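Colleague: Okay, so here is target04.cif, and as you'll see once you scroll down, it has mmCIF, C-alpha atoms.
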data_structure
loop_
_atom_site.group_PDB
_atom_site.id
_atom_site.type_symbol
_atom_site.label_atom_id
_atom_site.label_comp_id
_atom_site.auth_asym_id
_atom_site.auth_seq_id
_atom_site.Cartn_x
_atom_site.Cartn_y
_atom_site.Cartn_z
ATOM 1 C CA MET A 21 146.347 101.529 167.867
ATOM 2 C CA ASP A 22 149.818 102.213 166.415
ATOM 3 C CA SER A 23 151.310 100.700 169.589
ATOM 4 C CA VAL A 24 150.273 97.211 168.406
ATOM 5 C CA VAL A 25 153.272 95.090 167.426
ATOM 6 C CA PRO A 26 152.887 94.199 163.740
ATOM 7 C CA ASN A 27 152.756 90.501 162.942
ATOM 8 C CA LEU A 28 155.244 90.517 160.064
ATOM 9 C CA SER A 29 155.478 86.739 159.717
ATOM 10 C CA LEU A 30 151.699 86.522 159.225
ATOM 11 C CA ALA A 31 151.891 89.460 156.807
ATOM 12 C CA LYS A 32 154.546 87.649 154.780
ATOM 13 C CA ARG A 33 152.372 84.519 154.469
ATOM 14 C CA LEU A 34 149.266 86.546 153.643
ATOM 15 C CA ASN A 35 151.171 88.544 151.019
ATOM 16 C CA LEU A 36 152.142 85.282 149.316
ATOM 17 C CA TYR A 37 148.494 84.163 149.343
ATOM 18 C CA ALA A 38 147.454 87.573 147.995
ATOM 19 C CA TRP A 39 149.834 87.199 145.041
ATOM 20 C CA ILE A 40 148.602 83.654 144.346
ATOM 21 C CA ILE A 41 144.949 84.764 144.498
ATOM 22 C CA SER A 42 145.685 87.800 142.304
ATOM 23 C CA VAL A 43 147.383 85.710 139.610
ATOM 24 C CA ALA A 44 144.585 83.099 139.756
ATOM 25 C CA VAL A 45 141.869 85.753 139.452
ATOM 26 C CA LEU A 46 143.666 87.463 136.561
ATOM 27 C CA GLY A 47 144.019 84.091 134.844
ATOM 28 C CA LEU A 48 140.319 83.333 135.303
ATOM 29 C CA VAL A 49 139.328 86.761 133.980
ATOM 30 C CA VAL A 50 141.459 86.234 130.869
ATOM 31 C CA LEU A 51 140.068 82.716 130.337
ATOM 32 C CA MET A 52 136.420 83.619 130.859
ATOM 33 C CA ARG A 53 136.368 85.663 127.654
ATOM 34 C CA SER A 54 137.256 82.650 125.496
ATOM 35 C CA VAL A 55 136.107 79.605 127.506
ATOM 36 C CA LYS A 56 132.414 78.883 127.945
ATOM 37 C CA ILE A 57 131.109 76.122 130.208
ATOM 38 C CA ASP A 58 127.576 74.749 129.999
ATOM 39 C CA LEU A 59 126.383 74.011 133.536
ATOM 40 C CA GLY A 60 122.779 73.628 132.420
ATOM 41 C CA VAL A 61 121.782 76.704 134.429
ATOM 42 C CA ASP A 62 120.803 80.101 133.039
ATOM 43 C CA PHE A 63 122.849 82.732 134.848
ATOM 44 C CA SER A 64 121.538 85.651 132.784
ATOM 45 C CA PHE A 65 119.893 87.032 135.947
ATOM 46 C CA LEU A 66 123.307 87.924 137.435
ATOM 47 C CA PRO A 67 124.205 91.316 135.858
ATOM 48 C CA PRO A 68 121.831 93.300 138.118
ATOM 49 C CA VAL A 69 123.217 91.318 141.058
ATOM 50 C CA HIS A 70 126.727 92.374 140.004
ATOM 51 C CA ALA A 71 125.659 96.016 139.827
ATOM 52 C CA THR A 72 123.988 95.754 143.227
ATOM 53 C CA LEU A 73 127.054 94.179 144.853
ATOM 54 C CA ASN A 74 129.333 96.827 143.342
ATOM 55 C CA GLY A 75 126.978 99.600 144.416
ATOM 56 C CA LEU A 76 126.828 98.127 147.921
ATOM 57 C CA ALA A 77 130.628 97.960 148.029
ATOM 58 C CA ALA A 78 130.797 101.633 146.993
ATOM 59 C CA LEU A 79 128.329 102.645 149.708
ATOM 60 C CA LEU A 80 130.230 100.622 152.317
ATOM 61 C CA LEU A 81 133.521 102.198 151.234
ATOM 62 C CA ILE A 82 132.045 105.666 151.636
ATOM 63 C CA LEU A 83 130.752 104.719 155.090
ATOM 64 C CA ALA A 84 134.158 103.250 155.981
ATOM 65 C CA LEU A 85 135.834 106.530 155.061
ATOM 66 C CA TRP A 86 133.300 108.511 157.087
ATOM 67 C CA HIS A 87 133.870 106.261 160.111
ATOM 68 C CA ILE A 88 137.650 106.485 159.982
ATOM 69 C CA LYS A 89 137.511 110.281 159.529
ATOM 70 C CA ASN A 90 135.430 110.343 162.730
ATOM 71 C CA LYS A 91 137.902 108.009 164.480
ATOM 72 C CA ARG A 92 135.347 105.195 164.733
ATOM 73 C CA ILE A 93 137.878 102.465 164.044
ATOM 74 C CA GLU A 94 135.695 99.415 164.794
ATOM 75 C CA ALA A 95 132.875 100.736 162.595
ATOM 76 C CA HIS A 96 135.448 101.467 159.855
ATOM 77 C CA ARG A 97 136.761 97.924 160.144
ATOM 78 C CA ARG A 98 133.239 96.445 159.886
ATOM 79 C CA MET A 99 132.456 98.532 156.804
ATOM 80 C CA ILE A 100 135.694 97.452 155.136
ATOM 81 C CA TYR A 101 135.002 93.784 155.933
ATOM 82 C CA LEU A 102 131.526 94.157 154.432
ATOM 83 C CA ALA A 103 132.865 96.003 151.355
ATOM 84 C CA PHE A 104 135.517 93.316 150.970
ATOM 85 C CA GLY A 105 132.793 90.650 151.218
ATOM 86 C CA ALA A 106 130.524 92.394 148.688
ATOM 87 C CA SER A 107 133.452 92.729 146.278
ATOM 88 C CA ALA A 108 134.411 89.073 146.755
ATOM 89 C CA LEU A 109 130.823 87.925 146.108
ATOM 90 C CA PHE A 110 130.746 90.146 143.044
ATOM 91 C CA LEU A 111 133.985 88.650 141.736
ATOM 92 C CA VAL A 112 132.842 85.034 142.165
ATOM 93 C CA SER A 113 129.468 85.816 140.587
ATOM 94 C CA TYR A 114 131.051 87.791 137.739
ATOM 95 C CA VAL A 115 133.480 85.011 136.840
ATOM 96 C CA LEU A 116 130.676 82.407 137.010
ATOM 97 C CA TYR A 117 128.481 84.540 134.756
ATOM 98 C CA HIS A 118 131.188 85.115 132.147
ATOM 99 C CA PHE A 119 132.235 81.461 132.067
ATOM 100 C CA THR A 120 128.636 80.362 131.432
ATOM 101 C CA THR A 121 126.926 83.157 129.489
ATOM 102 C CA PRO A 122 127.608 84.714 126.071
ATOM 103 C CA GLU A 123 128.984 88.236 126.232
ATOM 104 C CA ILE A 124 126.628 91.162 125.660
ATOM 105 C CA LEU A 125 128.050 93.971 123.554
ATOM 106 C CA TYR A 126 127.043 97.609 123.724
ATOM 107 C CA GLY A 127 124.783 98.463 120.772
ATOM 108 C CA ASP A 128 124.242 94.791 119.903
ATOM 109 C CA THR A 129 120.540 94.892 119.155
ATOM 110 C CA ASN A 130 118.088 94.764 116.280
ATOM 111 C CA PHE A 131 115.938 97.862 115.956
ATOM 112 C CA ASP A 132 112.451 97.645 114.496
ATOM 113 C CA ARG A 133 113.194 100.749 112.474
ATOM 114 C CA VAL A 134 116.117 102.340 110.694
ATOM 115 C CA LEU A 135 117.918 104.906 112.841
ATOM 116 C CA SER A 136 118.311 108.475 111.635
ATOM 117 C CA ALA A 137 121.766 109.961 111.144
ATOM 118 C CA GLU A 138 121.399 111.908 114.418
ATOM 119 C CA GLU A 139 120.375 108.757 116.316
ATOM 120 C CA ARG A 140 123.317 106.822 114.852
ATOM 121 C CA ALA A 141 125.714 109.644 115.829
ATOM 122 C CA ALA A 142 124.318 109.791 119.381
ATOM 123 C CA ALA A 143 124.551 106.000 119.671
ATOM 124 C CA GLY A 144 128.168 106.158 118.473
ATOM 125 C CA THR A 145 129.028 108.844 121.017
ATOM 126 C CA MET A 146 127.402 106.885 123.833
ATOM 127 C CA ARG A 147 129.241 103.739 122.755
ATOM 128 C CA THR A 148 132.519 105.674 122.986
ATOM 129 C CA VAL A 149 131.601 106.928 126.462
ATOM 130 C CA TYR A 150 130.594 103.393 127.506
ATOM 131 C CA LEU A 151 133.848 101.913 126.200
ATOM 132 C CA LEU A 152 135.931 104.561 127.996
ATOM 133 C CA VAL A 153 134.137 103.911 131.294
ATOM 134 C CA LEU A 154 134.340 100.130 130.770
ATOM 135 C CA LEU A 155 138.024 100.119 129.829
ATOM 136 C CA THR A 156 139.030 102.300 132.783
ATOM 137 C CA HIS A 157 136.856 100.117 135.053
ATOM 138 C CA ILE A 158 138.459 96.878 133.830
ATOM 139 C CA ALA A 159 142.032 98.187 133.777
ATOM 140 C CA LEU A 160 141.803 99.752 137.222
ATOM 141 C CA ALA A 161 140.023 96.694 138.671
ATOM 142 C CA ALA A 162 142.835 94.449 137.439
ATOM 143 C CA LEU A 163 145.489 96.857 138.687
ATOM 144 C CA ILE A 164 143.992 97.552 142.110
ATOM 145 C CA PHE A 165 142.886 94.034 143.077
ATOM 146 C CA PRO A 166 146.200 92.878 144.613
ATOM 147 C CA PHE A 167 146.682 96.255 146.304
ATOM 148 C CA ILE A 168 143.253 96.014 147.943
ATOM 149 C CA LEU A 169 144.436 92.714 149.409
ATOM 150 C CA PHE A 170 147.793 94.194 150.504
ATOM 151 C CA THR A 171 146.117 97.211 152.115
ATOM 152 C CA PHE A 172 143.780 94.876 153.989
ATOM 153 C CA ILE A 173 146.728 92.710 155.075
ATOM 154 C CA ARG A 174 148.603 95.760 156.398
ATOM 155 C CA ALA A 175 145.710 96.622 158.732
ATOM 156 C CA TYR A 176 144.964 93.001 159.634
ATOM 157 C CA THR A 177 148.555 92.403 160.720
ATOM 158 C CA GLY A 178 148.870 95.652 162.693
ATOM 159 C CA GLN A 179 150.941 97.653 160.199
ATOM 160 C CA TYR A 180 148.690 100.684 160.557
ATOM 161 C CA ALA A 181 151.073 103.344 159.241
ATOM 162 C CA ARG A 182 151.693 101.309 156.085
ATOM 163 C CA HIS A 183 147.953 100.591 155.837
ATOM 164 C CA ARG A 184 147.099 104.318 155.945
ATOM 165 C CA LYS A 185 149.805 105.143 153.398
ATOM 166 C CA MET A 186 148.490 102.536 150.940
ATOM 167 C CA ALA A 187 144.824 103.270 151.604
ATOM 168 C CA ARG A 188 145.265 106.905 150.552
ATOM 169 C CA TRP A 189 145.712 105.846 146.924
ATOM 170 C CA VAL A 190 144.071 102.377 146.904
ATOM 171 C CA TYR A 191 140.767 103.608 148.343
ATOM 172 C CA PRO A 192 139.836 106.106 145.588
ATOM 173 C CA ILE A 193 140.657 103.593 142.859
ATOM 174 C CA TRP A 194 138.632 100.843 144.577
ATOM 175 C CA LEU A 195 135.755 103.314 144.989
ATOM 176 C CA TYR A 196 135.981 104.316 141.302
ATOM 177 C CA VAL A 197 135.831 100.651 140.263
ATOM 178 C CA ALA A 198 132.889 100.001 142.597
ATOM 179 C CA ILE A 199 130.973 102.998 141.207
ATOM 180 C CA THR A 200 131.739 102.438 137.529
ATOM 181 C CA GLY A 201 130.583 98.801 137.717
ATOM 182 C CA PRO A 202 126.913 99.792 138.139
ATOM 183 C CA VAL A 203 127.380 102.638 135.633
ATOM 184 C CA CYS A 204 128.563 100.120 133.010
ATOM 185 C CA TYR A 205 125.625 97.846 133.842
ATOM 186 C CA LEU A 206 123.096 100.684 133.492
ATOM 187 C CA MET A 207 124.598 101.727 130.155
ATOM 188 C CA LEU A 208 124.542 98.119 128.883
ATOM 189 C CA LYS A 209 121.120 97.246 130.350
ATOM 190 C CA PRO A 210 119.106 98.090 127.200
ATOM 191 C CA TYR A 211 121.067 95.446 125.286
ATOM 192 C CA TYR A 212 120.436 92.519 127.625
ATOM 193 C CA PRO A 213 117.839 90.062 126.283
#
Please go through the file and, once you have read it, give me the structure as structure tokens.
Modeller:
Amino acid sequence: MDSVVPNLSLAKRLNLYAWIISVAVLGLVVLMRSVKIDLGVDFSFLPPVHATLNGLAALLLILALWHIKNKRIEAHRRMIYLAFGASALFLVSYVLYHFTTPEILYGDTNFDRVLSAEERAAAGTMRTVYLLVLLTHIALAALIFPFILFTFIRAYTGQYARHRKMARWVYPIWLYVAITGPVCYLMLKPYYP
């Protein structure tokens, strides 16, 4: 496979598109926290869909790694395409949800009873854990997004050595983001209406 002549002119164009898409996505993510649009549709059903898409992407990434370790290149490629697709669907759905739906905060609920000191302390500890997982998820998702695109472009344009070199560090971060998405959802689930 390394004997394929890389298509560097295509790679250059795709890299430009990857930067444009990355900046646009980052801009949308920043805007969605402060801009709300009423489309007349209730999108509150989407958080479990987001978790499912992220979980699916994680599973597909694990399968992709297994396939490439077993030199099953076509199966690896299919798994990556599917993981890429699941992540893209997640991103579109996530942005739509956050542009149209009020944000849910961890611990934002009314209890029918007063919590004991121990319950308040446990809730505070869990909130700290949730915020650490959420902040690493968000920061790494923002950081890794363009590099996922660049790693994909390297393989797509026949730059396999560069693809492998990038994938060694991009893959674990993408997998972490895909796994921590459902973890954040499960931790926040009790606070959804």
Colleague: Name all residues at most 12 Å from A:Gly105 (count all atoms listed in the file; drop same-chain ones fewer than 4 positions away) and give them as an MDAnalysis selection string.
Modeller: chainID A and resid 73:74 76:78 80:81 98:101 109:112 169
Colleague: Just give me the gap between atom CA of A:Val49 and atom CA of A:Tyr211 in Å, one decimal is fine.
Modeller: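 According to the coordinates, atom CA of A:Val49 and atom CA of A:Tyr211 are separated by 22.0 Å.
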Colleague: Mind giving me the straight-line distance from atom CA of A:Ile41 to atom CA of A:Tyr180 in Å, one decimal?
Modeller: 22.9 Å
Colleague: What does the structure give for the distance between atom CA of A:Gly75 and atom CA of A:Val45, in Å to one decimal?
Modeller: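 Taking atom CA of A:Gly75 and atom CA of A:Val45, their separation equals 20.9 Å.
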Colleague: Can you list what the PyMOL selection byres ((chain A and resi 149-164) around 7) grabs from this structure, as a list in words?
Modeller: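 What the PyMOL selection byres ((chain A and resi 149-164) around 7) grabs from the file is Thr145, Met146, Arg147, Thr148, Phe165, Pro166, Phe167, Ile168, Val190, Ile193, Trp194, Val197, Thr200, Gly201, Cys204 and Met207 of chain A.
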Colleague: Grab the residues selected above and save them as a short mmCIF file (atom, residue, chain, number, x, y, z; two decimals), in the coordinates of the input with C-alpha atoms.
Modeller:
data_model
loop_
_atom_site.label_atom_id
_atom_site.label_comp_id
_atom_site.auth_asym_id
_atom_site.auth_seq_id
_atom_site.Cartn_x
_atom_site.Cartn_y
_atom_site.Cartn_z
CA THR A 145 129.03 108.84 121.02
CA MET A 146 127.40 106.88 123.83
CA ARG A 147 129.24 103.74 122.76
CA THR A 148 132.52 105.67 122.99
CA PHE A 165 142.89 94.03 143.08
CA PRO A 166 146.20 92.88 144.61
CA PHE A 167 146.68 96.26 146.30
CA ILE A 168 143.25 96.01 147.94
CA VAL A 190 144.07 102.38 146.90
CA ILE A 193 140.66 103.59 142.86
CA TRP A 194 138.63 100.84 144.58
CA VAL A 197 135.83 100.65 140.26
CA THR A 200 131.74 102.44 137.53
CA GLY A 201 130.58 98.80 137.72
CA CYS A 204 128.56 100.12 133.01
CA MET A 207 124.60 101.73 130.16
#
Colleague: Written as a PyMOL selection string, what is the full residue list that the PyMOL selection byres ((chain A and resi 56) around 10) yields on the file shown?
Modeller: chain A and resi 51-55+57-59+116-122
Colleague: If you apply the PyMOL selection byres ((chain A and resi 124) around 8) to this file, what residues do you get, as a ChimeraX atom specification?
Modeller: /A:122-123,125-126,128,208,211-212
Colleague: I need the residue nearest A:Val24 from this list: A:Gly60, A:Pro68, A:Gly47, A:Gly178. Use only C-alpha atoms for the distance.
Modeller: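 Comparing A:Gly60, A:Pro68, A:Gly47, A:Gly178 against A:Val24, the winner is A:Gly178.
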Colleague: Restricting the calculation to all atoms listed in the file: of A:Ile88, A:Val25, A:Phe170, A:Ala143, which residue gets closest to A:Ser42?
Modeller: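 Of the candidates, the smallest distance to A:Ser42 is held by A:Phe170.
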Colleague: Give the answer as one residue: which of A:Ala108, A:Ala71, A:Leu28, A:Tyr37 has the shortest atom-to-atom distance to A:Ala198, using all atoms listed in the file?
Modeller: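 Closest candidate: A:Ala71.
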Colleague: Of the candidates A:Ser107, A:Ser113, A:Asn27, A:Asn90, which one gets nearest to A:Ile199 if we count all atoms listed in the file?
Modeller: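 When distances to A:Ile199 are compared using all atoms listed in the file, the smallest one comes from A:Ser107.
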Colleague: Which one is closest to A:Leu206: A:Ala38, A:His70, A:Val50, A:Val43? Count all atoms listed in the file.
Modeller: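 Nearest candidate to A:Leu206 out of A:Ala38, A:His70, A:Val50, A:Val43: A:His70.
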